[in-house]
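Undergrad: Data file coords_31.tsv (TSV, C-alpha atoms) is appended below.
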chain	number	residue	atom	x	y	z
E	1098	MET	CA	0.30	24.65	-29.37
E	1099	GLU	CA	1.17	28.29	-29.87
E	1100	ASP	CA	4.13	30.20	-28.38
E	1101	LEU	CA	3.83	33.88	-27.52
E	1102	SER	CA	6.49	36.16	-26.08
E	1103	LEU	CA	5.40	39.53	-24.73
E	1104	HIS	CA	7.89	42.20	-23.62
E	1105	HIS	CA	6.89	45.14	-21.47
E	1106	LEU	CA	8.51	47.97	-19.56
E	1107	ALA	CA	7.02	48.29	-16.08
E	1108	PRO	CA	6.74	51.69	-14.32
E	1109	GLN	CA	8.43	50.29	-11.16
E	1110	PRO	CA	10.37	47.22	-9.99
E	1111	ALA	CA	8.24	44.46	-8.46
E	1112	LYS	CA	7.99	44.42	-4.66
E	1113	GLY	CA	9.47	41.74	-2.42
E	1114	ALA	CA	12.67	39.69	-2.59
E	1115	GLN	CA	11.44	36.21	-3.52
E	1116	LYS	CA	13.53	34.73	-6.33
E	1117	MET	CA	10.98	32.28	-7.72
E	1118	ALA	CA	7.39	31.14	-7.30
E	1119	ILE	CA	4.97	28.85	-9.05
E	1120	VAL	CA	1.19	28.86	-9.02
E	1121	GLY	CA	-1.58	26.94	-10.79
E	1122	VAL	CA	-1.71	23.68	-12.70
E	1123	VAL	CA	-1.86	22.74	-16.37
E	1124	ALA	CA	-5.37	21.39	-16.80
E	1125	SER	CA	-8.37	22.18	-18.95
E	1126	GLY	CA	-9.34	25.81	-18.35
E	1127	ASN	CA	-6.36	26.32	-16.05
E	1128	LEU	CA	-2.70	27.32	-16.34
E	1129	GLU	CA	0.56	27.37	-14.41
E	1130	VAL	CA	2.65	30.49	-13.97
E	1131	LEU	CA	6.34	30.19	-13.08
E	1132	VAL	CA	7.74	33.58	-12.08
E	1133	GLU	CA	11.42	34.37	-11.63
E	1134	ARG	CA	13.20	37.57	-10.60
E	1135	VAL	CA	15.88	37.46	-13.28
E	1136	LEU	CA	15.49	40.63	-15.38
E	1137	SER	CA	16.70	44.20	-14.94
E	1138	ASP	CA	14.56	46.42	-12.69
E	1139	LEU	CA	11.90	47.66	-15.10
E	1140	GLU	CA	11.92	44.87	-17.64
E	1141	CYS	CA	9.07	42.36	-17.77
E	1142	LEU	CA	8.85	39.29	-20.00
E	1143	ILE	CA	5.87	36.97	-20.35
E	1144	GLU	CA	6.45	33.75	-22.28
E	1145	ILE	CA	3.34	31.73	-23.04
E	1146	ARG	CA	2.82	28.21	-24.39
E	1147	THR	CA	-0.88	27.74	-24.94
E	1148	ALA	CA	-3.08	24.89	-26.15
E	1149	ALA	CA	-5.65	27.41	-27.42
E	1150	GLU	CA	-4.33	28.83	-30.70
E	1151	GLY	CA	-5.31	32.17	-32.20
E	1152	PHE	CA	-5.89	34.17	-29.01
E	1153	GLY	CA	-2.79	36.40	-29.27
E	1154	GLU	CA	-4.86	39.60	-29.15
E	1155	VAL	CA	-6.60	38.53	-25.96
E	1156	TRP	CA	-3.27	37.61	-24.34
E	1157	ASN	CA	-1.89	41.02	-25.36
E	1158	ALA	CA	-4.81	42.80	-23.72
E	1159	VAL	CA	-4.76	40.70	-20.52
E	1160	VAL	CA	-0.98	41.05	-20.08
E	1161	ALA	CA	-0.96	44.80	-20.82
E	1162	ASP	CA	-3.69	45.32	-18.21
E	1163	PHE	CA	-1.74	43.17	-15.71
E	1164	VAL	CA	1.55	45.07	-16.22
E	1165	GLU	CA	-0.26	48.38	-15.75
E	1166	ARG	CA	-1.98	47.26	-12.55
E	1167	TYR	CA	0.87	45.39	-10.82
E	1168	SER	CA	4.03	46.89	-12.29
E	1169	PRO	CA	5.98	43.59	-12.23
E	1170	GLY	CA	9.39	45.08	-13.12
E	1171	GLY	CA	12.28	42.59	-13.13
E	1172	LEU	CA	10.03	39.54	-13.36
E	1173	LYS	CA	9.98	36.84	-16.02
E	1174	PHE	CA	6.73	34.90	-16.25
E	1175	SER	CA	6.68	31.50	-17.96
E	1176	ILE	CA	3.20	30.20	-18.62
E	1177	ASN	CA	1.95	26.74	-19.60
E	1178	ASP	CA	-1.68	27.20	-20.53
E	1179	GLY	CA	-4.37	24.56	-20.81
E	1180	GLY	CA	-6.89	26.94	-22.36
E	1181	ALA	CA	-7.69	29.16	-19.37
E	1182	ARG	CA	-10.19	32.02	-19.68
E	1183	PRO	CA	-8.83	35.59	-19.51
E	1184	ASP	CA	-10.17	36.13	-15.97
E	1185	THR	CA	-8.36	32.99	-14.75
E	1186	VAL	CA	-5.16	34.19	-16.42
E	1187	SER	CA	-5.43	37.59	-14.69
E	1188	LEU	CA	-6.02	35.89	-11.35
E	1189	ARG	CA	-3.01	33.55	-11.70
E	1190	LEU	CA	-0.71	36.42	-12.75
E	1191	ALA	CA	-1.88	38.43	-9.72
E	1192	GLN	CA	-1.28	35.39	-7.45
E	1193	ALA	CA	2.22	34.99	-8.89
E	1194	VAL	CA	3.08	38.62	-8.09
E	1195	ARG	CA	1.71	38.24	-4.55
E	1196	LEU	CA	3.83	35.14	-3.98
E	1197	MET	CA	6.93	37.10	-5.05
E	1198	GLU	CA	6.13	39.67	-2.37
E	1199	GLY	CA	6.12	36.98	0.38
E	1200	GLU	CA	8.97	36.53	2.86
E	1201	GLN	CA	9.74	32.90	2.03
B	976	MET	CA	-9.83	25.84	-4.75
B	977	SER	CA	-9.49	28.35	-1.94
B	978	THR	CA	-6.10	26.89	-1.01
B	979	ALA	CA	-4.61	27.89	-4.34
B	980	LEU	CA	-5.21	31.55	-3.46
B	981	THR	CA	-3.15	31.34	-0.27
B	982	PRO	CA	0.38	32.67	-0.73
B	983	MET	CA	3.17	30.15	-0.22
B	984	ALA	CA	4.55	31.96	2.82
B	985	THR	CA	1.36	31.37	4.79
B	986	ALA	CA	0.75	27.93	6.28
B	987	PRO	CA	-2.46	26.35	4.96
B	988	ASP	CA	-5.35	25.67	7.33
B	989	PRO	CA	-4.80	22.16	8.81
B	990	VAL	CA	-8.42	21.17	8.11
B	991	THR	CA	-7.95	21.91	4.38
B	992	SER	CA	-9.42	19.08	2.30
B	993	TRP	CA	-6.68	16.72	1.07
B	994	TYR	CA	-8.88	15.81	-1.90
B	995	GLU	CA	-9.19	19.44	-3.02
B	996	ALA	CA	-5.58	20.46	-2.30
B	997	SER	CA	-2.84	20.66	-4.94
B	998	ALA	CA	0.32	18.53	-4.71
B	999	ARG	CA	2.27	21.50	-3.35
B	1000	THR	CA	-0.41	22.35	-0.79
B	1001	ARG	CA	-0.48	18.71	0.40
B	1002	ILE	CA	3.27	18.84	1.04
B	1003	ARG	CA	2.82	22.00	3.09
B	1004	LEU	CA	-0.07	20.39	4.99
B	1005	LEU	CA	2.05	17.35	5.80
B	1006	LEU	CA	5.51	18.68	6.67
B	1007	ASP	CA	6.74	21.06	9.35
B	1008	PRO	CA	6.24	24.68	8.23
B	1009	GLY	CA	9.03	26.00	6.01
B	1010	SER	CA	11.00	22.73	6.08
B	1011	PHE	CA	10.40	21.58	2.51
B	1012	VAL	CA	13.27	21.78	0.01
B	1013	GLU	CA	12.34	20.85	-3.55
B	1014	LEU	CA	14.68	18.86	-5.78
B	1015	ILE	CA	14.57	19.37	-9.57
B	1016	GLY	CA	12.02	22.17	-9.08
B	1017	PRO	CA	9.92	23.80	-11.79
B	1018	GLU	CA	12.63	26.39	-12.51
B	1019	LYS	CA	14.80	23.54	-13.85
B	1020	ARG	CA	12.14	22.97	-16.53
B	1021	GLU	CA	12.67	19.20	-16.68
B	1022	ILE	CA	9.58	18.73	-18.81
B	1023	SER	CA	8.35	15.66	-20.68
B	1024	PRO	CA	10.19	15.08	-23.98
B	1025	HIS	CA	7.14	13.30	-25.42
B	1026	LEU	CA	4.18	15.63	-24.98
B	1027	LYS	CA	5.27	18.14	-27.62
B	1028	VAL	CA	5.16	15.35	-30.22
B	1029	PHE	CA	1.43	15.11	-29.49
B	1030	ASP	CA	1.03	18.91	-29.42
B	1031	LEU	CA	0.00	18.73	-25.77
B	1032	PRO	CA	0.77	21.26	-23.03
B	1033	GLU	CA	3.65	20.49	-20.64
B	1034	GLN	CA	4.07	21.26	-16.96
B	1035	PHE	CA	7.39	22.52	-15.57
B	1036	ASP	CA	7.50	19.84	-12.83
B	1037	ASP	CA	5.97	17.14	-15.09
B	1038	GLY	CA	3.20	16.63	-12.55
B	1039	ILE	CA	5.29	15.50	-9.57
B	1040	VAL	CA	6.98	17.45	-6.78
B	1041	VAL	CA	9.92	15.72	-5.05
B	1042	GLY	CA	12.19	16.82	-2.24
B	1043	CYS	CA	12.95	16.55	1.45
B	1044	GLY	CA	11.72	18.15	4.63
B	1045	SER	CA	10.91	17.33	8.21
B	1046	LEU	CA	7.93	15.69	9.86
B	1047	ASP	CA	7.68	16.51	13.56
B	1048	GLY	CA	11.40	17.28	13.51
B	1049	SER	CA	12.55	14.11	11.70
B	1050	LYS	CA	13.94	14.24	8.18
B	1051	VAL	CA	11.83	12.63	5.45
B	1052	LEU	CA	11.94	12.35	1.68
B	1053	ILE	CA	8.67	13.20	-0.04
B	1054	ALA	CA	7.01	13.00	-3.46
B	1055	ALA	CA	3.58	14.39	-4.39
B	1056	GLN	CA	1.74	13.76	-7.64
B	1057	GLU	CA	-0.48	16.47	-9.12
B	1058	GLY	CA	-3.67	14.64	-10.06
B	1059	ARG	CA	-5.05	17.52	-12.09
B	1060	PHE	CA	-2.19	17.49	-14.61
B	1061	MET	CA	-2.92	14.62	-17.02
B	1062	GLY	CA	-4.61	12.67	-14.23
B	1063	GLY	CA	-1.35	12.51	-12.28
B	1064	ALA	CA	-0.13	9.96	-14.81
B	1065	PHE	CA	3.42	8.57	-14.89
B	1066	GLY	CA	5.54	9.71	-17.82
B	1067	GLU	CA	9.28	9.35	-18.34
B	1068	VAL	CA	10.44	12.40	-16.36
B	1069	HIS	CA	7.66	12.10	-13.77
B	1070	GLY	CA	8.72	8.52	-13.10
B	1071	ALA	CA	12.46	9.27	-13.11
B	1072	LYS	CA	11.99	11.90	-10.39
B	1073	LEU	CA	10.33	9.34	-8.10
B	1074	THR	CA	12.89	6.65	-8.96
B	1075	GLY	CA	15.71	9.05	-8.09
B	1076	LEU	CA	14.12	9.96	-4.77
B	1077	LEU	CA	13.72	6.28	-3.83
B	1078	ARG	CA	17.33	5.51	-4.81
B	1079	ALA	CA	18.43	8.36	-2.56
B	1080	ALA	CA	16.39	6.72	0.22
B	1081	ARG	CA	18.13	3.41	-0.50
B	1082	ASP	CA	21.57	5.05	-0.30
B	1083	ILE	CA	20.74	6.93	2.91
B	1084	GLY	CA	19.08	3.83	4.38
B	1085	SER	CA	17.28	5.28	7.39
B	1086	MET	CA	15.25	8.19	6.02
B	1087	PRO	CA	11.56	7.42	5.39
B	1088	VAL	CA	9.85	8.21	2.10
B	1089	LEU	CA	6.32	9.58	1.86
B	1090	ILE	CA	4.61	9.12	-1.52
B	1091	LEU	CA	1.48	11.23	-1.98
B	1092	PHE	CA	-0.21	9.24	-4.74
B	1093	ASP	CA	-2.76	10.89	-7.06
B	1094	THR	CA	-2.63	9.01	-10.34
B	1095	GLY	CA	-4.60	7.23	-13.02
B	1096	GLY	CA	-1.52	5.16	-13.91
B	1097	VAL	CA	0.77	5.37	-16.93
B	1098	ARG	CA	0.52	8.38	-19.25
B	1099	LEU	CA	-0.74	6.88	-22.51
B	1100	GLN	CA	1.19	9.36	-24.69
B	1101	GLU	CA	4.45	7.99	-23.32
B	1102	ALA	CA	3.29	4.48	-22.58
B	1103	ASN	CA	6.55	2.53	-22.99
B	1104	ALA	CA	8.59	5.04	-20.99
B	1105	GLY	CA	5.82	5.17	-18.39
B	1106	GLU	CA	5.59	1.37	-18.03
B	1107	LEU	CA	9.38	1.19	-17.65
B	1108	ALA	CA	9.16	3.92	-15.02
B	1109	ILE	CA	6.61	1.89	-13.04
B	1110	ALA	CA	8.92	-1.15	-13.08
B	1111	GLU	CA	11.91	0.97	-12.04
B	1112	ILE	CA	9.94	2.59	-9.22
B	1113	MET	CA	8.70	-0.77	-7.90
B	1114	ARG	CA	12.28	-2.06	-7.85
B	1115	ALA	CA	13.44	1.16	-6.20
B	1116	VAL	CA	10.75	0.87	-3.49
B	1117	ILE	CA	11.86	-2.67	-2.69
B	1118	GLU	CA	15.55	-1.67	-2.69
B	1119	ALA	CA	14.82	1.28	-0.38
B	1120	ARG	CA	12.84	-0.96	1.98
B	1121	SER	CA	15.58	-3.62	1.90
B	1122	ALA	CA	18.08	-0.94	2.90
B	1123	GLY	CA	15.94	-0.04	5.91
B	1124	ALA	CA	13.89	2.90	4.64
B	1125	LYS	CA	10.16	2.95	5.39
B	1126	VAL	CA	8.04	3.85	2.36
B	1127	ILE	CA	4.58	5.14	3.20
B	1128	GLY	CA	1.86	5.84	0.62
B	1129	LEU	CA	-0.81	8.49	1.25
B	1130	ILE	CA	-3.89	8.19	-0.95
B	1131	GLY	CA	-6.81	10.58	-1.01
B	1132	GLY	CA	-6.67	12.55	-4.25
B	1133	ARG	CA	-9.15	13.05	-7.04
B	1134	ALA	CA	-7.40	10.68	-9.45
B	1135	GLY	CA	-7.19	7.96	-6.78
B	1136	CYS	CA	-4.33	5.47	-7.16
B	1137	TYR	CA	-4.77	3.34	-10.27
B	1138	GLY	CA	-2.78	1.38	-12.83
B	1139	GLY	CA	0.94	1.27	-12.09
B	1140	GLY	CA	0.26	3.57	-9.12
B	1141	GLY	CA	-1.75	0.74	-7.57
B	1142	LEU	CA	1.16	-1.64	-8.14
B	1143	ILE	CA	3.65	0.75	-6.53
B	1144	ALA	CA	1.27	1.27	-3.59
B	1145	GLY	CA	1.24	-2.50	-3.16
B	1146	CYS	CA	5.03	-2.44	-2.69
B	1147	CYS	CA	4.97	0.18	0.09
B	1148	SER	CA	5.60	-0.52	3.78
B	1149	GLY	CA	2.21	0.93	4.69
B	1150	LEU	CA	-0.70	2.91	3.24
B	1151	ILE	CA	-2.90	5.70	4.56
B	1152	VAL	CA	-6.18	6.20	2.74
B	1153	SER	CA	-9.23	8.46	2.98
B	1154	GLU	CA	-12.70	7.56	1.75
B	1155	GLN	CA	-12.05	9.33	-1.57
B	1156	GLY	CA	-8.75	7.53	-2.10
B	1157	ARG	CA	-9.59	4.70	-4.42
B	1158	ILE	CA	-6.88	2.04	-4.85
B	1159	ALA	CA	-6.92	-0.47	-7.71
B	1160	VAL	CA	-4.99	-1.47	-10.83
B	1161	SER	CA	-7.66	-1.54	-13.57
B	1162	GLY	CA	-10.01	1.43	-13.24
B	1163	PRO	CA	-13.81	1.18	-13.49
B	1164	GLU	CA	-13.96	2.16	-17.17
B	1165	VAL	CA	-11.16	-0.25	-18.06
B	1166	ILE	CA	-12.96	-3.17	-16.41
B	1167	GLU	CA	-16.26	-2.30	-18.06
B	1168	THR	CA	-14.64	-1.95	-21.49
B	1169	ASN	CA	-12.88	-5.30	-21.25
B	1170	ARG	CA	-15.41	-7.42	-19.34
B	1171	GLY	CA	-18.77	-5.82	-20.04
B	1172	VAL	CA	-21.22	-3.76	-18.01
B	1173	GLU	CA	-22.57	-6.89	-16.28
B	1174	GLU	CA	-19.13	-7.40	-14.75
B	1175	PHE	CA	-18.67	-3.80	-13.63
B	1176	ASP	CA	-20.86	-0.75	-14.25
B	1177	SER	CA	-18.41	2.17	-14.18
B	1178	ARG	CA	-21.26	4.68	-13.97
B	1179	ASP	CA	-22.48	3.15	-10.71
B	1180	ARG	CA	-20.46	5.44	-8.43
B	1181	ALA	CA	-21.62	3.66	-5.26
B	1182	LEU	CA	-20.30	0.38	-6.69
B	1183	VAL	CA	-16.97	2.01	-7.63
B	1184	TRP	CA	-16.56	3.52	-4.17
B	1185	ARG	CA	-17.42	0.40	-2.17
B	1186	THR	CA	-15.21	-1.78	-4.39
B	1187	MET	CA	-12.13	0.45	-4.70
B	1188	GLY	CA	-12.66	3.18	-2.09
B	1189	GLY	CA	-10.74	3.75	1.12
B	1190	LYS	CA	-13.24	2.10	3.45
B	1191	HIS	CA	-13.10	-1.24	1.67
B	1192	ARG	CA	-9.31	-1.10	1.37
B	1193	ARG	CA	-9.05	-0.47	5.11
B	1194	LEU	CA	-11.45	-3.30	6.00
B	1195	MET	CA	-9.55	-5.72	3.73
B	1196	GLY	CA	-6.26	-4.74	5.37
B	1197	ALA	CA	-4.94	-3.35	2.09
B	1198	ALA	CA	-4.49	0.03	3.79
B	1199	GLU	CA	-3.25	0.21	7.39
B	1200	VAL	CA	-4.89	3.51	8.33
B	1201	PHE	CA	-8.16	5.15	7.31
B	1202	VAL	CA	-8.34	8.90	7.83
B	1203	ASP	CA	-10.76	11.76	7.39
B	1204	ASP	CA	-10.15	14.02	4.39
B	1205	THR	CA	-8.00	16.70	6.09
B	1206	GLY	CA	-4.32	17.64	6.00
B	1207	GLN	CA	-4.08	17.26	9.78
B	1208	ALA	CA	-5.52	13.72	9.68
B	1209	PHE	CA	-3.00	12.63	7.03
B	1210	ARG	CA	-0.11	14.19	8.99
B	1211	ASP	CA	-1.13	12.53	12.26
B	1212	ALA	CA	-1.57	9.19	10.50
B	1213	ALA	CA	1.84	9.44	8.79
B	1214	LEU	CA	3.55	10.05	12.14
B	1215	MET	CA	1.70	7.15	13.74
B	1216	LEU	CA	2.34	4.72	10.88
B	1217	LEU	CA	6.05	5.58	10.71
B	1218	GLY	CA	6.26	4.48	14.34
B	1219	GLN	CA	4.45	1.20	13.63
B	1220	VAL	CA	5.69	-0.36	10.41
B	1221	GLY	CA	8.13	-3.20	10.85
B	1222	GLY	CA	11.20	-4.30	8.95
B	1223	PHE	CA	11.36	-5.88	5.52
B	1224	GLU	CA	12.65	-9.42	5.12
B	1225	LEU	CA	11.81	-12.66	3.36
B	1226	ARG	CA	9.36	-13.55	6.13
B	1227	THR	CA	7.39	-10.35	5.35
B	1228	LEU	CA	6.83	-11.60	1.82
B	1229	THR	CA	5.96	-15.19	2.71
B	1230	ASN	CA	3.48	-13.93	5.31
B	1231	GLU	CA	2.01	-11.62	2.72
B	1232	GLN	CA	1.64	-14.51	0.26
B	1233	ALA	CA	-0.10	-16.62	2.91
B	1234	ARG	CA	-2.50	-13.80	3.75
B	1235	LEU	CA	-3.35	-13.20	0.09
B	1236	GLU	CA	-4.08	-16.90	-0.34
B	1237	ALA	CA	-6.31	-16.83	2.72
B	1238	ARG	CA	-8.14	-13.79	1.39
B	1239	LEU	CA	-8.85	-15.54	-1.90
B	1240	ARG	CA	-10.00	-18.66	-0.07
B	1241	ASP	CA	-12.28	-16.77	2.31
B	1242	PHE	CA	-13.76	-14.21	-0.05
B	1243	GLY	CA	-13.23	-15.60	-3.56
B	1244	GLY	CA	-16.92	-16.46	-3.85
B	1245	CYS	CA	-18.21	-13.02	-2.82
B	1246	ALA	CA	-19.88	-11.01	-5.58
B	1247	ASP	CA	-19.78	-7.61	-3.84
B	1248	ALA	CA	-17.79	-5.78	-1.17
B	1249	VAL	CA	-20.84	-5.87	1.11
B	1250	ASP	CA	-20.76	-9.70	0.95
B	1251	ILE	CA	-17.14	-9.60	2.12
B	1252	TRP	CA	-17.96	-7.31	5.03
B	1253	MET	CA	-20.84	-9.62	6.04
B	1254	ALA	CA	-18.54	-12.65	5.76
B	1255	GLU	CA	-16.16	-10.77	8.06
B	1256	GLY	CA	-18.96	-10.66	10.62
B	1257	ILE	CA	-19.55	-6.92	10.49
B	1258	ALA	CA	-23.09	-6.17	11.66
B	1259	ASP	CA	-25.17	-3.93	9.39
B	1260	ALA	CA	-22.54	-4.11	6.63
B	1261	ALA	CA	-24.82	-2.36	4.14
B	1262	SER	CA	-24.61	0.87	6.16
B	1263	ILE	CA	-20.80	1.14	5.89
B	1264	PRO	CA	-20.65	3.33	2.75
B	1265	ALA	CA	-22.76	6.03	4.44
B	1266	LEU	CA	-20.87	6.03	7.79
B	1267	PRO	CA	-19.10	9.28	8.76
B	1268	ALA	CA	-15.31	8.97	9.04
B	1269	ASP	CA	-15.14	8.90	12.86
B	1270	GLN	CA	-17.77	6.16	13.17
B	1271	PHE	CA	-16.12	4.15	10.40
B	1272	ILE	CA	-12.68	4.42	12.05
B	1273	ALA	CA	-14.20	3.07	15.31
B	1274	LEU	CA	-15.84	0.21	13.40
B	1275	ALA	CA	-12.64	-0.63	11.50
B	1276	ASP	CA	-10.62	-0.63	14.73
B	1277	ARG	CA	-13.08	-3.13	16.23
B	1278	ALA	CA	-12.88	-5.27	13.09
B	1279	GLY	CA	-9.07	-5.44	13.44
B	1280	ARG	CA	-6.66	-6.26	10.61
B	1281	ILE	CA	-4.21	-3.50	11.49
B	1282	SER	CA	-0.57	-4.03	10.36
B	1283	HIS	CA	-1.79	-6.41	7.73
B	1284	ASP	CA	0.92	-6.58	5.09
B	1285	ALA	CA	-1.11	-8.16	2.30
B	1286	ARG	CA	-2.59	-5.72	-0.15
Take the structure from the file and write it as structure tokens.
TA:
Amino acid sequence: MEDLSLHHLAPQPAKGAQKMAIVGVVASGNLEVLVERVLSDLECLIEIRTAAEGFGEVWNAVVADFVERYSPGGLKFSINDGGARPDTVSLRLAQAVRLMEGEQ
Amino acid sequence: MSTALTPMATAPDPVTSWYEASARTRIRLLLDPGSFVELIGPEKREISPHLKVFDLPEQFDDGIVVGCGSLDGSKVLIAAQEGRFMGGAFGEVHGAKLTGLLRAARDIGSMPVLILFDTGGVRLQEANAGELAIAEIMRAVIEARSAGAKVIGLIGGRAGCYGGGGLIAGCCSGLIVSEQGRIAVSGPEVIETNRGVEEFDSRDRALVWRTMGGKHRRLMGAAEVFVDDTGQAFRDAALMLLGQVGGFELRTLTNEQARLEARLRDFGGCADAVDIWMAEGIADAASIPALPADQFIALADRAGRISHDAR
């Protein structure tokens, strides 16, 4: 297992008022993303525990792209990864942001 | 996997496949919209203390979602296993969450419990804790039933209901099963490994399905209700079964023992599920595995054995 912690500053606060959401499952080639609105407006933290070691650069690139596209200010993402591909990771992060925009 | 893309705020399509749905989606399919309140949710991070020893990934809910909600306006307690995380297997925390829910049901006394099984049994990496959890859960099911709570099992997930999950299912007040929902204790590979391929060929999927699958379990009376693989069908069946299951007393157990003895006497010599169906007098028994759900339900209703407590 490898732990990664990526800090970013988002251009804007994330939309919506949801406090917490969870998406995905920890399985081979899949991951779960727990997202919580617990940080100051523009801060964004992504904490990753992954079964696939040595892919820090790829995570950096995927997360940087995600922060630029979705501007998830104020959100903390906690990820348990079962060795998902970068496209799956992007999709799950996007789902997590969408869930935080919901009314629930 | 289309359901996973639907945001939580939107109700899932009622014809969503139960087999394909996640544990959380199944809860939303089953309960009244917006009524579910999770207990010990993923944000509490009550993860397994054992998996890190094996350098394995953890899941924030340890593969089981527990909480309460309402079903057609009535309060229910509910637990759903996530079959895709470690085969839905019981570990220490996973088991403790279900035990706690059942003890709450015992203390409340009148609130039913719905257990959405999807499990291969005990998680091998935490075998002792998992086995203890199974024993605790079985006791908790019986205590909840003794206190007046109905405990209904719903089985139709990809992992089926195996190992200790099969034992717990056997303790429930009633079971709802779909064709995909296999129920057994030893799984196909376990039987083949221990008894040889002549005893059970685990790669023969047709054999696995007609021995452990939902249709056979319904015909044997091990499951009270057989349903099609949709969220709506499971919800309708849960409502119906909650209205049907009787109380729990010593007579329930002695009747169950008598029925199990009769089953062994009547079918002990049968080598295959098809032989049992023929012995039951079902015409064209060999066609049962291929029957669509609606035709099978009609056949099973004619064959009887509803409210059959023996599993």
Undergrad: Excluding stretch 1142-1158 of chain E and residues on its chain fewer than 3 positions from it, collect all residues at most 8 Å away from it, counting all atoms listed in the file, and give them as a PyMOL selection string.
TA: (chain E and resi 1098-1105+1161-1162+1172-1180+1183) or (chain B and resi 1030-1032)
Undergrad: Identify all chain E residues at most 10 Å from chain B by counting all atoms listed in the file; ligands do not count. Present them as a PyMOL selection string.
TA: chain E and resi 1098-1099+1117-1125+1127-1133+1146-1149+1175-1180+1188-1189+1191-1201
Undergrad: Expressed in Å to a single decimal, how great is the separation between atom CA of E:Gly1170 and atom CA of B:Ile1015?
TA: 26.5 Å
Undergrad: Skipping near chain neighbours, those fewer than 5 positions away, what residues fall within 9 Å of B:Cys1245 using all atoms listed in the file, listed as a list in words?
TA: Asp1250, Ile1251 and Ala1254 of chain B
Undergrad: May I ask for the distance between atom CA of B:Gln1207 and atom CA of B:Gly1135, given in Å to one decimal place?
TA: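 Interatomic distance, atom CA of B:Gln1207 to atom CA of B:Gly1135: 19.2 Å.
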Undergrad: Could you list, as a list in words, every residue within 9 Å of stretch 1167-1182 of chain B, counting all atoms listed in the file and ignoring same-chain residues fewer than 5 positions away?
TA: Gly1162, Met1187, Asp1247, Ala1248 and Pro1264 of chain B
Undergrad: In Å, rounded to a single decimal, give me how far atom CA of B:Trp993 is from atom CA of B:Ala1124.
TA: 25.0 Å
Undergrad: For each of B:Thr1074, B:Ser1049, B:Ser1121, B:Ser1023, take the minimum atom-to-atom distance to B:Gly1218, counting all atoms listed in the file, then give the residue where this is smallest.
TA: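 Nearest to B:Gly1218: B:Ser1049.
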Undergrad: Would you kindly return, as number ranges by chain, each protein, DNA or RNA residue with an atom no farther than 7 Å from any atom of B:Ala1198, considering only C-alpha atoms and excluding same-chain residues fewer than 4 positions away?
TA: B: 1149-1152, 1192-1193
Undergrad: Which protein, DNA or RNA residues have an atom at most 6 Å from (4.6, 43.6, -16.7), counting all atoms listed in the file? List them as number ranges by chain.
TA: E: 1105, 1107, 1141, 1164, 1168-1169
Undergrad: Please determine, counting only C-alpha atoms, which residue among B:Leu1052, B:Ala1071, B:Leu1026, B:Cys1136 has the shortest atom-to-atom distance to B:Phe1092.
TA: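 Closest to B:Phe1092 of all the choices is B:Cys1136.
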Undergrad: Which centre and which edge lengths, in Å to one decimal, describe the axis-aligned box that holds all listed atoms of stretch 992-1008 of chain B after 6 Å is added on each side, as AutoDock Vina command-line options?
TA:
--center_x -1.3 --center_y 20.2 --center_z 2.2 --size_x 28.2 --size_y 20.9 --size_z 26.3
Undergrad: Find the residues near B:Lys1190: any atom within 10 Å, counting only C-alpha atoms, skip ones fewer than 4 places away on the same chain, and give them as a PyMOL selection string.
TA: chain B and resi 1152-1157+1184-1186+1194-1196+1198+1200-1202+1263-1264+1266+1268+1271-1272+1275
Undergrad: Got a minute to add N, CA and C atoms to stretch 1193-1201 of chain B and dump it as a short mmCIF file (atom, residue, chain, number, x, y, z; two decimals), in the coordinates of the input?
TA:
data_model
loop_
_atom_site.label_atom_id
_atom_site.label_comp_id
_atom_site.auth_asym_id
_atom_site.auth_seq_id
_atom_site.Cartn_x
_atom_site.Cartn_y
_atom_site.Cartn_z
N ARG B 1193 -9.41 -0.38 3.69
CA ARG B 1193 -9.05 -0.47 5.11
C ARG B 1193 -9.59 -1.77 5.72
N LEU B 1194 -10.85 -2.10 5.40
CA LEU B 1194 -11.45 -3.30 6.00
C LEU B 1194 -10.75 -4.57 5.52
N MET B 1195 -10.25 -4.55 4.26
CA MET B 1195 -9.55 -5.72 3.73
C MET B 1195 -8.11 -5.80 4.24
N GLY B 1196 -7.66 -4.75 4.92
CA GLY B 1196 -6.26 -4.74 5.37
C GLY B 1196 -5.30 -4.30 4.30
N ALA B 1197 -5.82 -3.83 3.16
CA ALA B 1197 -4.94 -3.35 2.09
C ALA B 1197 -4.31 -2.02 2.47
N ALA B 1198 -5.04 -1.22 3.25
CA ALA B 1198 -4.49 0.03 3.79
C ALA B 1198 -4.48 -0.10 5.32
N GLU B 1199 -3.39 0.35 5.93
CA GLU B 1199 -3.25 0.21 7.39
C GLU B 1199 -4.12 1.21 8.14
N VAL B 1200 -4.21 2.43 7.59
CA VAL B 1200 -4.89 3.51 8.33
C VAL B 1200 -5.93 4.17 7.43
N PHE B 1201 -7.12 4.38 7.99
CA PHE B 1201 -8.16 5.15 7.31
C PHE B 1201 -8.26 6.50 8.01
#
